[in-house]
$ cat work.cif   # mmCIF, C-alpha atoms
data_entry
#
loop_
_atom_site.label_atom_id
_atom_site.label_comp_id
_atom_site.auth_asym_id
_atom_site.auth_seq_id
_atom_site.Cartn_x
_atom_site.Cartn_y
_atom_site.Cartn_z
CA MET A 1 0.00 0.00 0.00
CA ARG A 2 1.24 3.48 -0.80
CA PRO A 3 2.07 5.69 2.16
CA PHE A 4 -0.47 8.28 3.26
CA ASP A 5 -1.11 10.57 6.19
CA TYR A 6 -3.74 9.37 8.62
CA LEU A 7 -5.89 11.74 10.64
CA GLU A 8 -8.16 10.59 13.44
CA PRO A 9 -10.15 13.47 14.91
CA GLU A 10 -12.07 13.13 18.18
CA THR A 11 -15.05 15.29 17.20
CA LEU A 12 -17.17 15.99 14.16
CA ASP A 13 -16.23 19.69 14.13
CA GLU A 14 -12.57 18.78 14.18
CA ALA A 15 -13.14 16.29 11.34
CA LEU A 16 -14.94 18.88 9.20
CA ALA A 17 -12.13 21.38 9.77
CA LEU A 18 -9.44 18.85 8.84
CA LEU A 19 -11.38 17.83 5.75
CA ALA A 20 -11.79 21.47 4.71
CA ASN A 21 -7.99 21.89 4.70
CA ASP A 22 -7.69 19.71 1.62
CA PRO A 23 -11.09 18.37 0.60
CA ASP A 24 -10.00 17.06 -2.81
CA ASP A 25 -7.15 14.89 -1.59
CA THR A 26 -8.50 13.65 1.73
CA LEU A 27 -10.58 10.49 1.80
CA VAL A 28 -13.01 9.88 4.61
CA MET A 29 -12.82 6.38 6.08
CA ALA A 30 -15.52 4.78 8.21
CA GLY A 31 -15.08 1.01 8.67
CA GLY A 32 -12.54 0.77 5.87
CA THR A 33 -13.61 -2.54 4.30
CA SER A 34 -13.84 -1.05 0.82
CA LEU A 35 -11.37 1.79 1.16
CA VAL A 36 -8.53 -0.45 2.36
CA ILE A 37 -9.04 -2.84 -0.56
CA LEU A 38 -9.07 0.04 -3.05
CA MET A 39 -5.85 1.40 -1.57
CA LYS A 40 -4.19 -2.04 -1.50
CA GLN A 41 -5.06 -2.53 -5.15
CA ASP A 42 -3.75 0.95 -5.96
CA LEU A 43 -7.11 1.98 -7.40
CA ILE A 44 -7.13 5.08 -5.20
CA ARG A 45 -4.11 7.02 -3.95
CA PRO A 46 -5.20 9.44 -1.26
CA ALA A 47 -2.65 11.81 0.24
CA ARG A 48 -4.64 11.79 3.48
CA VAL A 49 -7.15 9.44 5.05
CA LEU A 50 -9.51 10.85 7.65
CA GLY A 51 -10.70 8.10 10.00
CA LEU A 52 -14.03 8.73 11.71
CA ARG A 53 -13.85 5.90 14.25
CA ARG A 54 -13.49 8.09 17.35
CA ILE A 55 -16.61 10.16 16.65
CA ALA A 56 -18.99 8.14 18.81
CA GLU A 57 -22.05 10.31 18.11
CA LEU A 58 -22.09 8.98 14.54
CA ARG A 59 -22.73 5.44 15.79
CA ALA A 60 -26.16 6.15 17.24
CA ILE A 61 -29.30 4.30 16.13
CA ARG A 62 -32.36 6.20 17.38
CA THR A 63 -36.10 6.24 16.90
CA ARG A 64 -37.55 9.64 16.03
CA GLY A 65 -41.33 9.78 16.30
CA GLY A 66 -42.36 6.83 14.17
CA GLY A 67 -39.20 7.17 12.14
CA LEU A 68 -35.64 6.05 12.60
CA ASP A 69 -32.22 7.72 12.45
CA LEU A 70 -29.31 5.47 11.53
CA GLY A 71 -25.86 6.84 12.34
CA ALA A 72 -23.33 6.65 9.53
CA LEU A 73 -20.80 4.87 11.75
CA ALA A 74 -23.22 2.18 12.90
CA THR A 75 -21.80 -1.14 11.74
CA LEU A 76 -23.94 -3.40 9.60
CA GLY A 77 -23.75 -5.94 12.44
CA ALA A 78 -25.01 -3.43 15.01
CA LEU A 79 -27.84 -2.45 12.66
CA ALA A 80 -28.78 -6.09 12.10
CA ARG A 81 -29.00 -6.63 15.88
CA SER A 82 -30.77 -3.36 16.71
CA PRO A 83 -34.28 -3.81 18.16
CA ALA A 84 -35.16 -0.33 16.82
CA VAL A 85 -34.21 -1.34 13.29
CA ARG A 86 -36.08 -4.62 13.58
CA SER A 87 -39.23 -2.98 14.87
CA HIS A 88 -39.17 -0.35 12.12
CA ALA A 89 -38.96 -3.06 9.45
CA ALA A 90 -37.80 -6.63 9.98
CA ALA A 91 -36.81 -6.63 6.30
CA LEU A 92 -34.29 -3.87 7.03
CA ALA A 93 -32.68 -5.83 9.87
CA SER A 94 -32.47 -8.93 7.67
CA THR A 95 -31.00 -6.85 4.84
CA PHE A 96 -28.11 -5.87 7.09
CA ALA A 97 -27.82 -9.41 8.48
CA GLY A 98 -27.47 -10.78 4.95
CA VAL A 99 -24.56 -8.62 3.79
CA ALA A 100 -21.42 -10.65 3.00
CA THR A 101 -20.09 -12.36 6.14
CA VAL A 102 -20.05 -11.69 9.87
CA ARG A 103 -16.45 -10.41 9.59
CA ILE A 104 -17.44 -7.78 7.05
CA ARG A 105 -20.61 -6.80 8.92
CA GLU A 106 -18.69 -6.12 12.12
CA GLN A 107 -16.29 -3.72 10.38
CA ALA A 108 -18.35 -2.17 7.58
CA THR A 109 -20.60 0.78 8.37
CA LEU A 110 -23.80 2.19 6.95
CA GLY A 111 -22.16 5.46 5.90
CA GLY A 112 -19.26 3.73 4.22
CA ASN A 113 -21.65 1.39 2.46
CA LEU A 114 -23.67 4.30 1.04
CA ALA A 115 -20.70 6.53 0.19
CA HIS A 116 -18.95 3.68 -1.63
CA ALA A 117 -22.02 3.54 -3.93
CA ASP A 118 -21.51 0.03 -5.20
CA PRO A 119 -24.76 -0.69 -7.07
CA ALA A 120 -24.65 -4.37 -6.12
CA GLN A 121 -24.81 -3.61 -2.39
CA ASP A 122 -27.84 -4.60 -0.33
CA PRO A 123 -28.58 -1.81 2.20
CA PRO A 124 -29.08 0.99 -0.38
CA VAL A 125 -31.89 -0.97 -2.03
CA THR A 126 -33.96 -1.49 1.10
CA LEU A 127 -33.24 2.03 2.38
CA LEU A 128 -34.37 3.45 -0.97
CA ALA A 129 -37.67 1.55 -0.72
CA LEU A 130 -38.08 2.90 2.84
CA ASP A 131 -37.77 6.50 1.55
CA GLY A 132 -34.42 7.08 3.28
CA VAL A 133 -32.85 10.52 3.35
CA ALA A 134 -29.10 10.99 3.82
CA VAL A 135 -27.91 13.88 5.98
CA ALA A 136 -24.46 15.27 5.22
CA ARG A 137 -22.55 18.13 6.80
CA SER A 138 -19.67 20.33 5.73
CA ARG A 139 -18.23 23.43 7.37
CA PHE A 140 -20.86 25.39 5.46
CA GLY A 141 -23.85 23.58 6.89
CA GLU A 142 -26.04 20.54 6.68
CA ARG A 143 -27.75 19.11 3.62
CA ARG A 144 -30.50 16.53 3.24
CA ILE A 145 -30.26 14.29 0.21
CA ALA A 146 -32.99 11.80 -0.73
CA LEU A 147 -31.22 8.49 -1.35
CA GLY A 148 -32.50 8.49 -4.92
CA ALA A 149 -30.43 11.63 -5.48
CA LEU A 150 -27.40 10.43 -3.50
CA PHE A 151 -26.46 7.73 -6.01
CA VAL A 152 -25.27 9.39 -9.22
CA ASP A 153 -23.39 6.68 -11.05
CA LEU A 154 -21.24 3.61 -10.53
CA PHE A 155 -19.25 4.26 -7.29
CA GLU A 156 -20.24 7.93 -7.48
CA THR A 157 -22.44 9.93 -5.12
CA SER A 158 -23.63 13.52 -4.95
CA LEU A 159 -21.65 14.07 -1.73
CA GLU A 160 -19.41 17.12 -2.18
CA PRO A 161 -15.74 17.32 -1.25
CA GLY A 162 -15.68 18.54 2.34
CA GLU A 163 -18.92 16.78 3.28
CA ILE A 164 -19.25 13.95 5.77
CA LEU A 165 -22.29 11.68 5.76
CA LEU A 166 -23.83 11.82 9.25
CA ARG A 167 -26.86 9.58 9.16
CA VAL A 168 -29.79 8.21 7.21
CA GLU A 169 -33.26 9.25 8.30
CA LEU A 170 -36.20 6.97 7.65
CA PRO A 171 -39.70 8.47 7.85
CA PRO A 172 -42.53 6.62 9.61
CA LEU A 173 -44.00 3.83 7.50
CA PRO A 174 -47.66 4.04 6.46
CA ALA A 175 -49.96 2.10 8.80
CA GLY A 176 -49.91 -1.61 8.06
CA ALA A 177 -47.03 -1.35 5.62
CA ARG A 178 -45.28 -4.59 4.75
CA ALA A 179 -41.69 -4.70 3.57
CA THR A 180 -39.38 -7.30 2.10
CA TYR A 181 -35.92 -7.53 0.59
CA LYS A 182 -35.10 -10.42 -1.68
CA LYS A 183 -31.82 -11.13 -3.38
CA PHE A 184 -30.97 -13.61 -6.10
CA LEU A 185 -27.83 -15.50 -5.09
CA PRO A 186 -27.20 -18.30 -7.58
CA ALA A 187 -23.60 -18.91 -6.41
CA THR A 188 -22.95 -18.46 -2.69
CA LEU A 189 -24.78 -16.71 0.14
CA ASP A 190 -21.92 -14.29 0.76
CA ASP A 191 -21.73 -13.21 -2.88
CA TYR A 192 -23.07 -9.98 -4.28
CA ALA A 193 -26.61 -10.48 -5.56
CA THR A 194 -27.14 -10.96 -9.28
CA VAL A 195 -30.17 -8.74 -8.76
CA SER A 196 -32.08 -7.79 -5.64
CA VAL A 197 -35.47 -6.25 -4.98
CA ALA A 198 -36.97 -4.39 -2.03
CA ALA A 199 -40.70 -3.80 -1.89
CA VAL A 200 -42.75 -1.82 0.63
CA VAL A 201 -46.51 -1.94 0.27
CA ALA A 202 -49.54 -0.76 2.23
CA THR A 203 -53.15 -1.52 1.37
CA ASP A 204 -56.43 -0.13 2.71
CA ALA A 205 -59.30 -2.13 4.23
CA THR A 206 -60.58 -3.07 0.78
CA GLY A 207 -57.17 -4.37 -0.28
CA ALA A 208 -56.46 -1.40 -2.56
CA CYS A 209 -52.79 -0.42 -2.74
CA MET A 210 -52.23 2.95 -1.03
CA HIS A 211 -48.44 2.95 -0.95
CA ALA A 212 -45.92 1.10 -3.07
CA ARG A 213 -42.16 1.39 -3.22
CA ILE A 214 -40.08 -0.94 -5.38
CA ALA A 215 -36.29 -0.67 -5.55
CA VAL A 216 -33.97 -2.85 -7.59
CA GLY A 217 -30.25 -3.47 -6.97
CA GLY A 218 -27.54 -4.89 -9.21
CA ALA A 219 -29.44 -3.94 -12.33
CA GLY A 220 -28.00 -0.57 -13.27
CA PRO A 221 -25.21 1.86 -12.40
CA VAL A 222 -27.14 2.83 -9.25
CA PRO A 223 -29.86 1.19 -7.16
CA LEU A 224 -33.09 2.07 -8.97
CA ARG A 225 -36.61 2.99 -7.95
CA ALA A 226 -39.11 1.31 -10.29
CA ARG A 227 -41.46 4.27 -10.32
CA GLU A 228 -43.68 3.18 -13.19
CA ALA A 229 -44.18 -0.15 -11.52
CA GLU A 230 -45.11 1.64 -8.28
CA ARG A 231 -47.60 3.88 -10.10
CA SER A 232 -49.18 0.90 -11.82
CA LEU A 233 -50.18 -0.50 -8.43
CA ALA A 234 -51.85 2.67 -7.11
CA GLY A 235 -55.39 2.01 -5.96
CA ARG A 236 -55.36 -1.57 -7.27
CA ARG A 237 -55.80 -4.84 -5.51
CA LEU A 238 -52.49 -6.70 -5.49
CA ASP A 239 -53.80 -9.61 -7.52
CA ASP A 240 -51.95 -11.76 -9.97
CA ALA A 241 -52.46 -9.42 -12.93
CA ALA A 242 -51.37 -6.31 -10.99
CA ILE A 243 -48.25 -8.03 -9.68
CA ARG A 244 -47.24 -9.36 -13.10
CA GLU A 245 -47.74 -5.97 -14.69
CA ALA A 246 -45.67 -4.23 -12.01
CA ALA A 247 -42.93 -6.85 -12.32
CA ALA A 248 -42.73 -6.31 -16.09
CA LEU A 249 -42.51 -2.55 -15.59
CA ALA A 250 -39.78 -2.97 -12.97
CA ALA A 251 -37.78 -5.17 -15.34
CA ALA A 252 -38.17 -2.57 -18.09
CA ALA A 253 -36.83 0.13 -15.76
CA THR A 254 -33.51 -1.66 -15.23
CA ASP A 255 -30.29 -0.84 -17.06
CA PRO A 256 -27.99 -3.78 -16.31
CA ILE A 257 -24.61 -4.67 -17.79
CA ASP A 258 -23.12 -8.01 -18.79
CA ASP A 259 -20.73 -9.29 -16.15
CA LEU A 260 -19.73 -12.44 -14.28
CA ARG A 261 -23.13 -12.60 -12.61
CA GLY A 262 -25.03 -12.78 -15.90
CA SER A 263 -25.86 -11.06 -19.15
CA ALA A 264 -27.80 -7.83 -19.18
CA ALA A 265 -30.81 -9.60 -20.66
CA TYR A 266 -30.69 -12.28 -17.96
CA LYS A 267 -30.45 -9.74 -15.15
CA ARG A 268 -33.36 -7.77 -16.59
CA ALA A 269 -35.46 -10.94 -16.72
CA MET A 270 -34.43 -11.86 -13.17
CA ALA A 271 -35.34 -8.36 -11.95
CA GLY A 272 -38.86 -9.10 -13.16
CA VAL A 273 -38.95 -12.52 -11.55
CA TRP A 274 -37.69 -11.26 -8.19
CA THR A 275 -39.97 -8.21 -8.22
CA GLU A 276 -42.86 -10.58 -8.69
CA ARG A 277 -41.69 -12.75 -5.80
CA ALA A 278 -41.17 -9.72 -3.56
CA LEU A 279 -44.63 -8.33 -4.33
CA ARG A 280 -46.30 -11.70 -3.71
CA GLU A 281 -44.66 -11.75 -0.30
CA VAL A 282 -45.99 -8.34 0.73
CA ALA A 283 -49.36 -8.44 -1.12
CA MET B 1 3.66 8.80 5.71
CA SER B 2 2.45 9.65 9.19
CA GLU B 3 3.37 7.42 12.11
CA HIS B 4 1.09 6.51 14.96
CA ARG B 5 1.59 5.15 18.42
CA ILE B 6 -1.04 2.53 19.11
CA ARG B 7 -1.79 0.53 22.21
CA PHE B 8 -3.94 -2.55 22.42
CA THR B 9 -3.98 -5.94 24.07
CA LEU B 10 -2.96 -9.02 22.13
CA ASN B 11 -4.18 -12.22 23.75
CA GLY B 12 -4.33 -10.36 27.03
CA ALA B 13 -0.83 -8.86 26.90
CA ALA B 14 -0.30 -5.12 26.43
CA VAL B 15 1.18 -4.01 23.10
CA ASP B 16 2.56 -0.50 22.58
CA VAL B 17 4.00 0.09 19.09
CA THR B 18 4.49 2.85 16.57
CA VAL B 19 3.35 2.06 13.03
CA PRO B 20 3.16 3.87 9.71
CA ALA B 21 -0.41 4.81 8.74
CA GLU B 22 -0.54 2.20 5.99
CA ARG B 23 0.49 -0.73 8.21
CA LEU B 24 -2.14 -3.47 8.05
CA LEU B 25 -3.08 -5.37 11.18
CA VAL B 26 -2.22 -8.69 9.54
CA ASP B 27 1.32 -7.47 8.78
CA LEU B 28 1.75 -5.98 12.23
CA LEU B 29 0.76 -9.29 13.80
CA ARG B 30 2.84 -11.49 11.56
CA ASP B 31 5.92 -9.44 10.71
CA ASP B 32 6.35 -7.11 13.68
CA LEU B 33 4.91 -9.16 16.52
CA GLY B 34 5.78 -12.65 15.26
CA LYS B 35 2.26 -14.02 15.61
CA THR B 36 2.23 -16.03 12.40
CA GLY B 37 -0.79 -18.15 13.31
CA THR B 38 -2.87 -15.50 11.56
CA LYS B 39 -2.50 -16.24 7.84
CA ASP B 40 -2.72 -13.84 4.92
CA GLY B 41 -4.74 -15.44 2.14
CA CYS B 42 -6.84 -13.57 -0.40
CA SER B 43 -5.96 -10.13 1.07
CA VAL B 44 -9.42 -8.80 0.17
CA GLY B 45 -11.55 -9.97 3.09
CA VAL B 46 -13.11 -12.95 1.37
CA CYS B 47 -11.28 -16.12 2.47
CA GLY B 48 -11.24 -15.81 6.26
CA LEU B 49 -7.65 -16.99 6.77
CA CYS B 50 -6.71 -13.80 8.60
CA THR B 51 -9.69 -13.84 10.98
CA VAL B 52 -8.89 -12.29 14.36
CA GLN B 53 -11.17 -11.19 17.18
CA VAL B 54 -11.49 -7.46 17.74
CA ASP B 55 -13.24 -6.88 21.06
CA GLY B 56 -14.66 -10.37 20.71
CA MET B 57 -16.01 -10.12 17.19
CA PRO B 58 -14.41 -11.74 14.14
CA MET B 59 -12.82 -9.44 11.58
CA SER B 60 -10.38 -9.74 8.69
CA ALA B 61 -6.94 -8.53 9.74
CA CYS B 62 -6.13 -7.95 6.05
CA LEU B 63 -8.79 -5.22 5.86
CA LEU B 64 -7.88 -3.39 9.04
CA LEU B 65 -5.30 -0.68 9.35
CA ALA B 66 -3.32 -1.26 12.53
CA THR B 67 -4.39 2.22 13.68
CA GLN B 68 -8.00 1.02 13.72
CA VAL B 69 -7.37 -1.34 16.63
CA ASP B 70 -5.84 1.25 18.92
CA GLY B 71 -7.51 0.63 22.29
CA ALA B 72 -9.00 -2.71 21.28
CA ALA B 73 -8.60 -6.23 22.66
CA ILE B 74 -7.24 -8.48 19.92
CA ARG B 75 -7.29 -12.25 20.11
CA THR B 76 -5.50 -14.49 17.63
CA VAL B 77 -5.23 -18.25 17.41
CA GLU B 78 -2.16 -18.11 19.68
CA GLY B 79 -4.46 -16.89 22.46
CA LEU B 80 -7.09 -19.60 22.19
CA ALA B 81 -7.44 -22.24 24.86
CA SER B 82 -10.79 -23.70 24.04
CA PRO B 83 -12.56 -27.06 23.78
CA LEU B 84 -12.78 -26.16 20.09
CA GLN B 85 -9.21 -27.22 19.40
CA GLU B 86 -9.75 -30.71 20.81
CA ALA B 87 -13.10 -30.91 18.99
CA PHE B 88 -11.46 -30.05 15.66
CA ILE B 89 -9.09 -32.98 16.19
CA LEU B 90 -11.82 -35.42 17.25
CA GLU B 91 -14.16 -34.48 14.39
CA GLY B 92 -11.53 -34.18 11.67
CA GLY B 93 -12.15 -30.47 11.28
CA PHE B 94 -9.12 -29.87 9.10
CA GLN B 95 -6.89 -31.35 6.47
CA CYS B 96 -4.15 -29.11 5.05
CA GLY B 97 -4.53 -26.64 7.90
CA ILE B 98 -4.26 -23.35 6.08
CA CYS B 99 -7.77 -22.22 7.08
CA THR B 100 -7.69 -23.75 10.55
CA SER B 101 -6.56 -20.79 12.61
CA GLY B 102 -9.18 -18.55 11.02
CA GLN B 103 -11.83 -21.21 11.48
CA LEU B 104 -10.92 -21.60 15.16
CA VAL B 105 -10.84 -17.87 15.87
CA ALA B 106 -14.20 -17.36 14.13
CA ALA B 107 -15.79 -20.34 15.89
CA ASP B 108 -14.45 -19.17 19.26
CA ALA B 109 -15.98 -15.73 18.63
CA LEU B 110 -19.31 -17.37 17.84
CA LEU B 111 -19.36 -19.50 20.99
CA ARG B 112 -18.42 -16.46 23.09
CA ALA B 113 -21.16 -14.32 21.50
CA LYS B 114 -23.73 -17.12 21.33
CA PRO B 115 -22.90 -20.05 23.62
CA ASP B 116 -26.12 -21.76 22.51
CA ALA B 117 -25.62 -21.10 18.80
CA THR B 118 -27.94 -23.13 16.61
CA ASP B 119 -26.55 -25.26 13.80
CA ALA B 120 -27.87 -22.61 11.38
CA GLU B 121 -25.94 -19.90 13.25
CA ILE B 122 -22.82 -22.05 13.11
CA ALA B 123 -23.22 -22.33 9.34
CA ASP B 124 -23.85 -18.58 9.05
CA TRP B 125 -20.72 -17.68 11.00
CA GLN B 126 -18.64 -20.23 9.09
CA MET B 127 -19.56 -18.49 5.86
CA GLY B 128 -16.54 -16.71 4.49
CA ASN B 129 -14.05 -18.96 6.25
CA LEU B 130 -13.18 -20.98 3.19
CA CYS B 131 -11.80 -24.52 3.34
CA ARG B 132 -10.38 -26.03 0.16
CA CYS B 133 -9.89 -29.58 1.43
CA THR B 134 -12.51 -31.08 3.62
CA GLY B 135 -15.79 -29.47 2.91
CA TYR B 136 -17.35 -27.98 5.95
CA TYR B 137 -19.07 -30.85 7.70
CA GLY B 138 -16.19 -31.82 9.94
CA ILE B 139 -15.69 -28.22 10.96
CA ALA B 140 -19.41 -27.74 11.67
CA ARG B 141 -19.45 -30.97 13.72
CA ALA B 142 -16.43 -29.79 15.68
CA ILE B 143 -18.03 -26.45 16.52
CA ALA B 144 -21.28 -28.16 17.52
CA ARG B 145 -19.30 -30.61 19.69
CA ALA B 146 -17.53 -27.76 21.49
CA ARG B 147 -20.85 -26.00 21.99
CA ASP B 148 -22.43 -29.14 23.44
CA ALA B 149 -19.47 -29.75 25.73
CA ARG B 150 -20.04 -26.47 27.57
#

$ encode --input "work.cif" --output "structure tokens"
Amino acid sequence: MRPFDYLEPETLDEALALLANDPDDTLVMAGGTSLVILMKQDLIRPARVLGLRRIAELRAIRTRGGGLDLGALATLGALARSPAVRSHAAALASTFAGVATVRIREQATLGGNLAHADPAQDPPVTLLALDGVAVARSRFGERRIALGALFVDLFETSLEPGEILLRVELPPLPAGARATYKKFLPATLDDYATVSVAAVVATDATGACMHARIAVGGAGPVPLRAREAERSLAGRRLDDAAIREAAALAAAATDPIDDLRGSAAYKRAMAGVWTERALREVA
Amino acid sequence: MSEHRIRFTLNGAAVDVTVPAERLLVDLLRDDLGKTGTKDGCSVGVCGLCTVQVDGMPMSACLLLATQVDGAAIRTVEGLASPLQEAFILEGGFQCGICTSGQLVAADALLRAKPDATDAEIADWQMGNLCRCTGYYGIARAIARARDAR
């Protein structure tokens, strides 16, 4: 690994000030699972690495009204075990519990996971379907970024140099909402998903769909919201025809590439299949 | 470029060293501290050979900067004294041995965190500790045997 200078501030204010000294050549490190690999492989060559590990306030997982605030330094393991996360949506806890292996989950953090912006990752998909909002701060103030606007392209976010991701805020779920996250893992359980789908649905007393969120991972340069599929369900009973139609629209919304986990055409087809399975589970 | 004084415990003994920022925990353990039971395999956090316990939880020493364990309690295979080791022998939980220290450290972490771990939890925690020789049944039996012996 190439040499670099390592900074480990004790407070958020100190971190923001250090980052502001040289925002373009300082990389923020949370757990380090991705950053260390990228540095070892010489894919990134930061002059400075700013480690956040001492800033305990960023680890907090808190309920807020009926919503939930997830600190950027919370590890995926801590999030998987959190009663607050589980009671907000069991599907969110199981999303975290299903990432890679226990070793990775104990080191990797929510903020690092989002800022790394790997489109094959699990948590962004479920958080997108739960209407998550990222909160970032620089010396110039705080900014709220809907997760749909955080992910710009492959490994690229809308975070600005000088900004640190603080937390993700999840709003209260509609009454009776049901959520699921399903991933297609044809090789091994610790692999990245070929495609994955999160669905959050709420219906009224007559069974009509009042709220639908569908997000798809691994099927484009960023995790995608399948908005046409969501709209197609509005006011409808979640019967076979409605689910099939939404699944076809979700597949059409994907923009996958050919890679080791399948051809683009295969991934698009699987996005439809797994959207259908996800919707059947929450219907 | 920067150097950092870090202090942690390694298998219960105090360590106080100064390392360059880019020093990895696996290299600190093996090359500087002579604890070569921790192996360096894939170097990208996938194979599990370098598994160590950081404050009781299993992590990949190849993905950790040494600075990240300042203040932590580290346990490596050299610090294990557990029924697991005898169970691995009795159940044939290894063949070539390259994965064994990582398997033992991960299994020890599991039985500390969850003394009544179910067989499914054993399988879940084994995931990512790769074995090229035996398949995983002997290892799973060994962990279950150690659990049941408690």

$ interface_residues --input "work.cif" --of "chain A" --to "chain B" --cutoff "8 Å" --atoms "only C-alpha atoms" --output "list in words"
Met1, Arg2, Pro3, Phe4, Asp5, Tyr6, Gly32, Thr33, Val36, Ile37, Arg53, Ala100, Thr101, Val102, Arg103, Ile104, Glu106, Gln107, Leu189 and Asp190 of chain A

$ resolve_selection --input "work.cif" --expression "the PyMOL selection byres ((chain B and resi 76-80) around 12)" --output "PyMOL selection string"
chain B and resi 9-13+25-26+29-30+33-39+49-61+73-75+81-86+99-109+112

$ write_last_selection --input "work.cif" --atoms "C-alpha atoms" --output "PDB file, in the frame of the given file"
ATOM      1  CA  THR B   9      -3.980  -5.940  24.070  1.00  0.00           C
ATOM      2  CA  LEU B  10      -2.960  -9.020  22.130  1.00  0.00           C
ATOM      3  CA  ASN B  11      -4.180 -12.220  23.750  1.00  0.00           C
ATOM      4  CA  GLY B  12      -4.330 -10.360  27.030  1.00  0.00           C
ATOM      5  CA  ALA B  13      -0.830  -8.860  26.900  1.00  0.00           C
ATOM      6  CA  LEU B  25      -3.080  -5.370  11.180  1.00  0.00           C
ATOM      7  CA  VAL B  26      -2.220  -8.690   9.540  1.00  0.00           C
ATOM      8  CA  LEU B  29       0.760  -9.290  13.800  1.00  0.00           C
ATOM      9  CA  ARG B  30       2.840 -11.490  11.560  1.00  0.00           C
ATOM     10  CA  LEU B  33       4.910  -9.160  16.520  1.00  0.00           C
ATOM     11  CA  GLY B  34       5.780 -12.650  15.260  1.00  0.00           C
ATOM     12  CA  LYS B  35       2.260 -14.020  15.610  1.00  0.00           C
ATOM     13  CA  THR B  36       2.230 -16.030  12.400  1.00  0.00           C
ATOM     14  CA  GLY B  37      -0.790 -18.150  13.310  1.00  0.00           C
ATOM     15  CA  THR B  38      -2.870 -15.500  11.560  1.00  0.00           C
ATOM     16  CA  LYS B  39      -2.500 -16.240   7.840  1.00  0.00           C
ATOM     17  CA  LEU B  49      -7.650 -16.990   6.770  1.00  0.00           C
ATOM     18  CA  CYS B  50      -6.710 -13.800   8.600  1.00  0.00           C
ATOM     19  CA  THR B  51      -9.690 -13.840  10.980  1.00  0.00           C
ATOM     20  CA  VAL B  52      -8.890 -12.290  14.360  1.00  0.00           C
ATOM     21  CA  GLN B  53     -11.170 -11.190  17.180  1.00  0.00           C
ATOM     22  CA  VAL B  54     -11.490  -7.460  17.740  1.00  0.00           C
ATOM     23  CA  ASP B  55     -13.240  -6.880  21.060  1.00  0.00           C
ATOM     24  CA  GLY B  56     -14.660 -10.370  20.710  1.00  0.00           C
ATOM     25  CA  MET B  57     -16.010 -10.120  17.190  1.00  0.00           C
ATOM     26  CA  PRO B  58     -14.410 -11.740  14.140  1.00  0.00           C
ATOM     27  CA  MET B  59     -12.820  -9.440  11.580  1.00  0.00           C
ATOM     28  CA  SER B  60     -10.380  -9.740   8.690  1.00  0.00           C
ATOM     29  CA  ALA B  61      -6.940  -8.530   9.740  1.00  0.00           C
ATOM     30  CA  ALA B  73      -8.600  -6.230  22.660  1.00  0.00           C
ATOM     31  CA  ILE B  74      -7.240  -8.480  19.920  1.00  0.00           C
ATOM     32  CA  ARG B  75      -7.290 -12.250  20.110  1.00  0.00           C
ATOM     33  CA  ALA B  81      -7.440 -22.240  24.860  1.00  0.00           C
ATOM     34  CA  SER B  82     -10.790 -23.700  24.040  1.00  0.00           C
ATOM     35  CA  PRO B  83     -12.560 -27.060  23.780  1.00  0.00           C
ATOM     36  CA  LEU B  84     -12.780 -26.160  20.090  1.00  0.00           C
ATOM     37  CA  GLN B  85      -9.210 -27.220  19.400  1.00  0.00           C
ATOM     38  CA  GLU B  86      -9.750 -30.710  20.810  1.00  0.00           C
ATOM     39  CA  CYS B  99      -7.770 -22.220   7.080  1.00  0.00           C
ATOM     40  CA  THR B 100      -7.690 -23.750  10.550  1.00  0.00           C
ATOM     41  CA  SER B 101      -6.560 -20.790  12.610  1.00  0.00           C
ATOM     42  CA  GLY B 102      -9.180 -18.550  11.020  1.00  0.00           C
ATOM     43  CA  GLN B 103     -11.830 -21.210  11.480  1.00  0.00           C
ATOM     44  CA  LEU B 104     -10.920 -21.600  15.160  1.00  0.00           C
ATOM     45  CA  VAL B 105     -10.840 -17.870  15.870  1.00  0.00           C
ATOM     46  CA  ALA B 106     -14.200 -17.360  14.130  1.00  0.00           C
ATOM     47  CA  ALA B 107     -15.790 -20.340  15.890  1.00  0.00           C
ATOM     48  CA  ASP B 108     -14.450 -19.170  19.260  1.00  0.00           C
ATOM     49  CA  ALA B 109     -15.980 -15.730  18.630  1.00  0.00           C
ATOM     50  CA  ARG B 112     -18.420 -16.460  23.090  1.00  0.00           C
TER      51      ARG B 112
END

$ atom_distance --input "work.cif" --atom1 "atom CA of Ala136 of chain A" --atom2 "atom CA of Arg54 of chain A"
17.9 Å

$ residues_around --input "work.cif" --residues "Ala117 of chain B" --least-positions-apart "5" --cutoff "10 Å" --atoms "all atoms listed in the file" --output "PyMOL selection string"
chain B and resi 110-112+122-123+125+143-144+147-148

$ residues_around --input "work.cif" --residues "segment 247-253 of chain A" --least-positions-apart "4" --cutoff "6 Å" --atoms "only C-alpha atoms" --output "list in words"
Ala226, Ala229, Arg268, Ala271, Gly272, Thr275 and Glu276 of chain A

$ axis_aligned_box --input "work.cif" --around "segment 266-278 of chain A" --padding-each-side "3 Å" --output "JSON"
{"center_x": -36.7, "center_y": -10.3, "center_z": -10.8, "size_x": 18.4, "size_y": 11.0, "size_z": 20.4}

$ atom_distance --input "work.cif" --atom1 "atom CA of Gln41 of chain A" --atom2 "atom CA of Phe151 of chain A"
23.7 Å

$ atom_distance --input "work.cif" --atom1 "atom CA of Glu169 of chain A" --atom2 "atom CA of Val135 of chain A"
7.4 Å

$ closest_residue --input "work.cif" --among "A:Arg231, A:Arg139, A:Arg144, A:Arg277" --to "Ser196 of chain A" --atoms "all atoms listed in the file"
A:Arg277
